[in-house]
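Read through the structure below, which is laid out as structure tokens, and then see the notes.
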Amino acid sequence: MKNIMNSFAFGASASFSLSVLLLAGSVAQAEDAKNLVPLELKLPSPGFKGTPKDIQLSSYVEPLSDKPRPAMLVPAGLSNLAPGKKLTSSDKNATADTLGKVIDGDKEASDQSIIFLRKGTQWVQMDLGAPKELFAIVLWHAHNSAKVYHDVVVQASDDPDFVKDVKVLYNNDQDNTSGLGVGTDREYFENFDGRLINAKGVKSQYIRFYSKGSTESSLNEYTEVEVYGR
Ligand SMILES: [Ca+2]
Ligand SMILES: [Ca+2]
């Protein structure tokens, strides 16, 4: 009988601690919800003008908009975590110096601002050094001409090999040609805005950016990645 009483007392106290934790979590969330601010981005100069040339498009490409993108609301006090972080790639010919250009702050449309990775499904991976809460990611492949990148998939994980605990932040590979799972996001024209991705506060140490060529070339281009978190 004593044992039963003990385990009851333990159970009650554990569930009390859990409630306190959940309450603390929701208080923090409520605090964040009160302090949401528009995410301020510094955009590069537009790289091309006019409507896209006659190019073959998927049925799930988003029309190119000429309206300013609405700002994303994020918790106050975030910063871009990307500068200085370690980058690796599926393309072993890409040196650390080359990959460094993806986080050097230069997101212009000029030739010197763009790096090239080989054909096929390729990725660039960022190691944040420790798990971070991620809220917004901005990705520029190359906006020197009107083109649409294929199989844009952004994943977060605490596993550097992306085998387990993989969280999908974006996936527009609706026909699953890269085999990472059927995406539900849309393809889009690259432009100076970059692609703004809502990471919804997921906590992860590694982020992987996949692509599989564009309507212009089977090579993969990367210009800049920004990661807003804390
Ligand atoms: Ca850059
Ligand atoms: Ca595809």
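In the structure tokens, each chain is lettered A, B, ... as it comes, each chain's residues begin at 1, and ligands are numbered from 1 in order of appearance.
For ligand 2, the protein and nucleic acid residues at most 9 Å away, judged by only C-alpha atoms and all ligand atoms, amount to Ser58, His150, Asp151, Val152, Asn172, Asp173, Gln174, Asp175, Asn176, Thr177, Ser178, Gly179, Val182, Gly183 and Lys212 of chain A.
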Can you list, as a count of residues only, every protein, DNA or RNA residue that comes within 12 Å of Arg69 (chain A) when you count only C-alpha atoms, leaving out same-chain residues fewer than 5 positions away? 12
May I ask you to write as number ranges by chain all residues lying at most 6 Å from ligand 1, with only C-alpha atoms and all ligand atoms counted? A: 101-107, 113, 223-224
So that each row is one residue of region 186-210 of chain A with an atom at most 10 Å from region 88-94 of chain A, can you give its shortest atom pair and the distance in Å to one decimal, using only C-alpha atoms, rows by chain and rising number, as a tab-separated table?
residue	atom	partner	partner_atom	distance
A:Arg208	CA	A:Ser89	CA	9.0
A:Phe209	CA	A:Ser89	CA	9.3
A:Tyr210	CA	A:Ser90	CA	9.4
All heavy atoms of the current selection, written as a compact mmCIF listing (two decimals), in the first residue's frame:
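To be explicit, this is the file written out as result00.txt:
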# COMPACT_ATOMS: atom_id res chain seq x y z
N ARG A 208 20.17 22.32 -44.47
CA ARG A 208 20.64 21.87 -45.78
C ARG A 208 19.75 22.49 -46.87
O ARG A 208 18.53 22.46 -46.77
CB ARG A 208 20.59 20.35 -45.84
CG ARG A 208 21.51 19.76 -46.87
CD ARG A 208 21.44 18.25 -46.85
NE ARG A 208 22.56 17.67 -46.11
CZ ARG A 208 22.96 16.40 -46.25
NH1 ARG A 208 22.31 15.60 -47.08
NH2 ARG A 208 23.98 15.93 -45.56
N PHE A 209 20.41 23.00 -47.92
CA PHE A 209 19.73 23.67 -49.03
C PHE A 209 19.97 22.87 -50.30
O PHE A 209 21.09 22.82 -50.80
CB PHE A 209 20.29 25.08 -49.22
CG PHE A 209 20.15 25.95 -48.00
CD1 PHE A 209 21.15 25.99 -47.03
CD2 PHE A 209 19.02 26.72 -47.80
CE1 PHE A 209 21.02 26.78 -45.89
CE2 PHE A 209 18.89 27.53 -46.67
CZ PHE A 209 19.88 27.55 -45.72
N TYR A 210 18.93 22.24 -50.80
CA TYR A 210 19.04 21.44 -52.02
C TYR A 210 18.53 22.22 -53.24
O TYR A 210 17.64 23.08 -53.12
CB TYR A 210 18.15 20.20 -51.95
CG TYR A 210 18.58 19.09 -51.01
CD1 TYR A 210 18.15 19.07 -49.70
CD2 TYR A 210 19.38 18.05 -51.47
CE1 TYR A 210 18.51 18.03 -48.84
CE2 TYR A 210 19.74 17.01 -50.63
CZ TYR A 210 19.30 17.00 -49.32
OH TYR A 210 19.65 15.98 -48.49
Would you please give, as a PyMOL selection string, all residues of region 6-230 of chain A that DSSP assigns to strand (DSSP E or B) based on the backbone? chain A and resi 36-38+61+73-75+79-80+86-89+115-117+122-140+148-149+153-157+167-171+187+189+195-211+214+220-222+224-229
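Each of A:Ser110, A:Asn198, A:Ser211, A:Thr121 was compared to Ala136 (chain A) using only C-alpha atoms, and A:Asn198 turns out to be the nearest.
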What's the 12 Å shell around Pro160 (chain A), counting only C-alpha atoms, without same-chain residues fewer than 3 positions away, as JSON, numbers by chain? {"A": [86, 87, 88, 89, 124, 125, 126, 127, 128, 129, 130, 131, 155, 156, 157, 163, 164, 165, 166, 204, 205, 206, 207, 208]}
Give me, as a ChimeraX atom specification, all polymer residues having an atom no more than 12 Å from Asp32 (chain A), counting only C-alpha atoms and skipping those fewer than 2 positions away in the same chain. /A:25-30,34-37,73-78,135,201
Any chance you can output those residues with N, CA, C and O atoms as a PDB file, in the first residue's frame?
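Okay, part.pdb is ready:
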ATOM      1  N   GLY A  25       6.378  27.419 -21.047  1.00  0.00           N
ATOM      2  CA  GLY A  25       6.506  27.431 -22.500  1.00  0.00           C
ATOM      3  C   GLY A  25       5.468  28.322 -23.139  1.00  0.00           C
ATOM      4  O   GLY A  25       5.783  29.140 -24.002  1.00  0.00           O
ATOM      5  N   SER A  26       4.225  28.204 -22.674  1.00  0.00           N
ATOM      6  CA  SER A  26       3.179  29.001 -23.318  1.00  0.00           C
ATOM      7  C   SER A  26       3.294  30.474 -22.928  1.00  0.00           C
ATOM      8  O   SER A  26       2.934  31.346 -23.701  1.00  0.00           O
ATOM      9  N   VAL A  27       3.840  30.741 -21.722  1.00  0.00           N
ATOM     10  CA  VAL A  27       4.082  32.143 -21.345  1.00  0.00           C
ATOM     11  C   VAL A  27       5.121  32.741 -22.287  1.00  0.00           C
ATOM     12  O   VAL A  27       4.953  33.850 -22.792  1.00  0.00           O
ATOM     13  N   ALA A  28       6.203  31.949 -22.556  1.00  0.00           N
ATOM     14  CA  ALA A  28       7.244  32.425 -23.470  1.00  0.00           C
ATOM     15  C   ALA A  28       6.655  32.665 -24.854  1.00  0.00           C
ATOM     16  O   ALA A  28       6.963  33.658 -25.507  1.00  0.00           O
ATOM     17  N   GLN A  29       5.776  31.756 -25.299  1.00  0.00           N
ATOM     18  CA  GLN A  29       5.153  31.922 -26.621  1.00  0.00           C
ATOM     19  C   GLN A  29       4.261  33.160 -26.651  1.00  0.00           C
ATOM     20  O   GLN A  29       4.259  33.914 -27.617  1.00  0.00           O
ATOM     21  N   ALA A  30       3.505  33.356 -25.554  1.00  0.00           N
ATOM     22  CA  ALA A  30       2.620  34.521 -25.481  1.00  0.00           C
ATOM     23  C   ALA A  30       3.450  35.797 -25.497  1.00  0.00           C
ATOM     24  O   ALA A  30       3.088  36.780 -26.141  1.00  0.00           O
ATOM     25  N   LYS A  34       3.329  38.787 -28.402  1.00  0.00           N
ATOM     26  CA  LYS A  34       3.146  40.226 -28.126  1.00  0.00           C
ATOM     27  C   LYS A  34       4.233  41.064 -28.780  1.00  0.00           C
ATOM     28  O   LYS A  34       4.012  42.201 -29.138  1.00  0.00           O
ATOM     29  N   ASN A  35       5.442  40.447 -28.894  1.00  0.00           N
ATOM     30  CA  ASN A  35       6.603  41.218 -29.345  1.00  0.00           C
ATOM     31  C   ASN A  35       6.979  40.952 -30.795  1.00  0.00           C
ATOM     32  O   ASN A  35       8.128  41.084 -31.161  1.00  0.00           O
ATOM     33  N   LEU A  36       6.030  40.501 -31.614  1.00  0.00           N
ATOM     34  CA  LEU A  36       6.360  40.234 -33.011  1.00  0.00           C
ATOM     35  C   LEU A  36       6.665  41.546 -33.725  1.00  0.00           C
ATOM     36  O   LEU A  36       6.000  42.552 -33.508  1.00  0.00           O
ATOM     37  N   VAL A  37       7.685  41.508 -34.542  1.00  0.00           N
ATOM     38  CA  VAL A  37       8.087  42.684 -35.308  1.00  0.00           C
ATOM     39  C   VAL A  37       8.279  42.266 -36.773  1.00  0.00           C
ATOM     40  O   VAL A  37       8.562  41.102 -37.046  1.00  0.00           O
ATOM     41  N   LEU A  73       6.358  38.490 -39.896  1.00  0.00           N
ATOM     42  CA  LEU A  73       6.423  38.871 -38.488  1.00  0.00           C
ATOM     43  C   LEU A  73       7.212  37.811 -37.714  1.00  0.00           C
ATOM     44  O   LEU A  73       6.938  36.618 -37.825  1.00  0.00           O
ATOM     45  N   VAL A  74       8.186  38.280 -36.950  1.00  0.00           N
ATOM     46  CA  VAL A  74       9.059  37.370 -36.188  1.00  0.00           C
ATOM     47  C   VAL A  74       9.243  37.929 -34.779  1.00  0.00           C
ATOM     48  O   VAL A  74       8.999  39.113 -34.552  1.00  0.00           O
ATOM     49  N   PRO A  75       9.680  37.107 -33.825  1.00  0.00           N
ATOM     50  CA  PRO A  75       9.974  37.636 -32.492  1.00  0.00           C
ATOM     51  C   PRO A  75      11.048  38.729 -32.579  1.00  0.00           C
ATOM     52  O   PRO A  75      11.938  38.655 -33.436  1.00  0.00           O
ATOM     53  N   ALA A  76      10.960  39.718 -31.705  1.00  0.00           N
ATOM     54  CA  ALA A  76      11.956  40.798 -31.702  1.00  0.00           C
ATOM     55  C   ALA A  76      13.324  40.252 -31.313  1.00  0.00           C
ATOM     56  O   ALA A  76      13.415  39.253 -30.600  1.00  0.00           O
ATOM     57  N   GLY A  77      14.370  40.902 -31.802  1.00  0.00           N
ATOM     58  CA  GLY A  77      15.726  40.598 -31.342  1.00  0.00           C
ATOM     59  C   GLY A  77      16.440  39.481 -32.069  1.00  0.00           C
ATOM     60  O   GLY A  77      17.458  38.990 -31.582  1.00  0.00           O
ATOM     61  N   LEU A  78      15.938  39.061 -33.223  1.00  0.00           N
ATOM     62  CA  LEU A  78      16.639  38.020 -33.991  1.00  0.00           C
ATOM     63  C   LEU A  78      17.821  38.642 -34.730  1.00  0.00           C
ATOM     64  O   LEU A  78      17.843  39.833 -35.003  1.00  0.00           O
ATOM     65  N   PHE A 135      13.670  31.122 -37.341  1.00  0.00           N
ATOM     66  CA  PHE A 135      12.373  31.724 -37.661  1.00  0.00           C
ATOM     67  C   PHE A 135      12.228  32.079 -39.139  1.00  0.00           C
ATOM     68  O   PHE A 135      11.151  31.922 -39.699  1.00  0.00           O
ATOM     69  N   GLY A 201      10.251  28.721 -35.917  1.00  0.00           N
ATOM     70  CA  GLY A 201      10.843  28.509 -34.593  1.00  0.00           C
ATOM     71  C   GLY A 201      11.433  27.133 -34.351  1.00  0.00           C
ATOM     72  O   GLY A 201      11.736  26.791 -33.212  1.00  0.00           O
TER      73      GLY A 201
END
Counting only C-alpha atoms, figure out which residue out of A:Glu62, A:His143, A:Pro70, A:Asn80 gets nearest to Glu108 (chain A). A:His143
Any idea what the distance is between CA of Leu219 (chain A) and CA of Trp123 (chain A)?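 Taking CA of Leu219 (chain A) and CA of Trp123 (chain A), their separation equals 11.8 Å.
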Could you state the separation of CA of Val168 (chain A) and CA of Ala199 (chain A) in Å, given to one decimal place?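 Answer for the CA of Val168 (chain A) to CA of Ala199 (chain A) separation: 9.0 Å.
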Nearest to Ala71 (chain A) among A:Lys53, A:Arg118, A:Lys85, A:Lys42, with distances taken over only C-alpha atoms: which residue is it? A:Lys42
I need the alpha helix (DSSP H) residues of region 45-120 of chain A per DSSP on the backbone, written as JSON, numbers by chain. {"A": [96, 97, 98, 99, 100]}
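For the atom pair formed by CA of Gly84 (chain A) and CA of Tyr170 (chain A), the distance is 23.5 Å, given to one decimal.
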Compare A:Val61, A:Val154, A:Leu117, A:Ile137 by their minimum atom-to-atom distance to Tyr222 (chain A), counting only C-alpha atoms, and give me the closest one. A:Leu117
Contact residues around Ser218 (chain A) with only C-alpha atoms at 8 Å, ignoring same-chain residues under 3 positions, as an MDAnalysis selection string: chainID A and resid 119:120 212:215
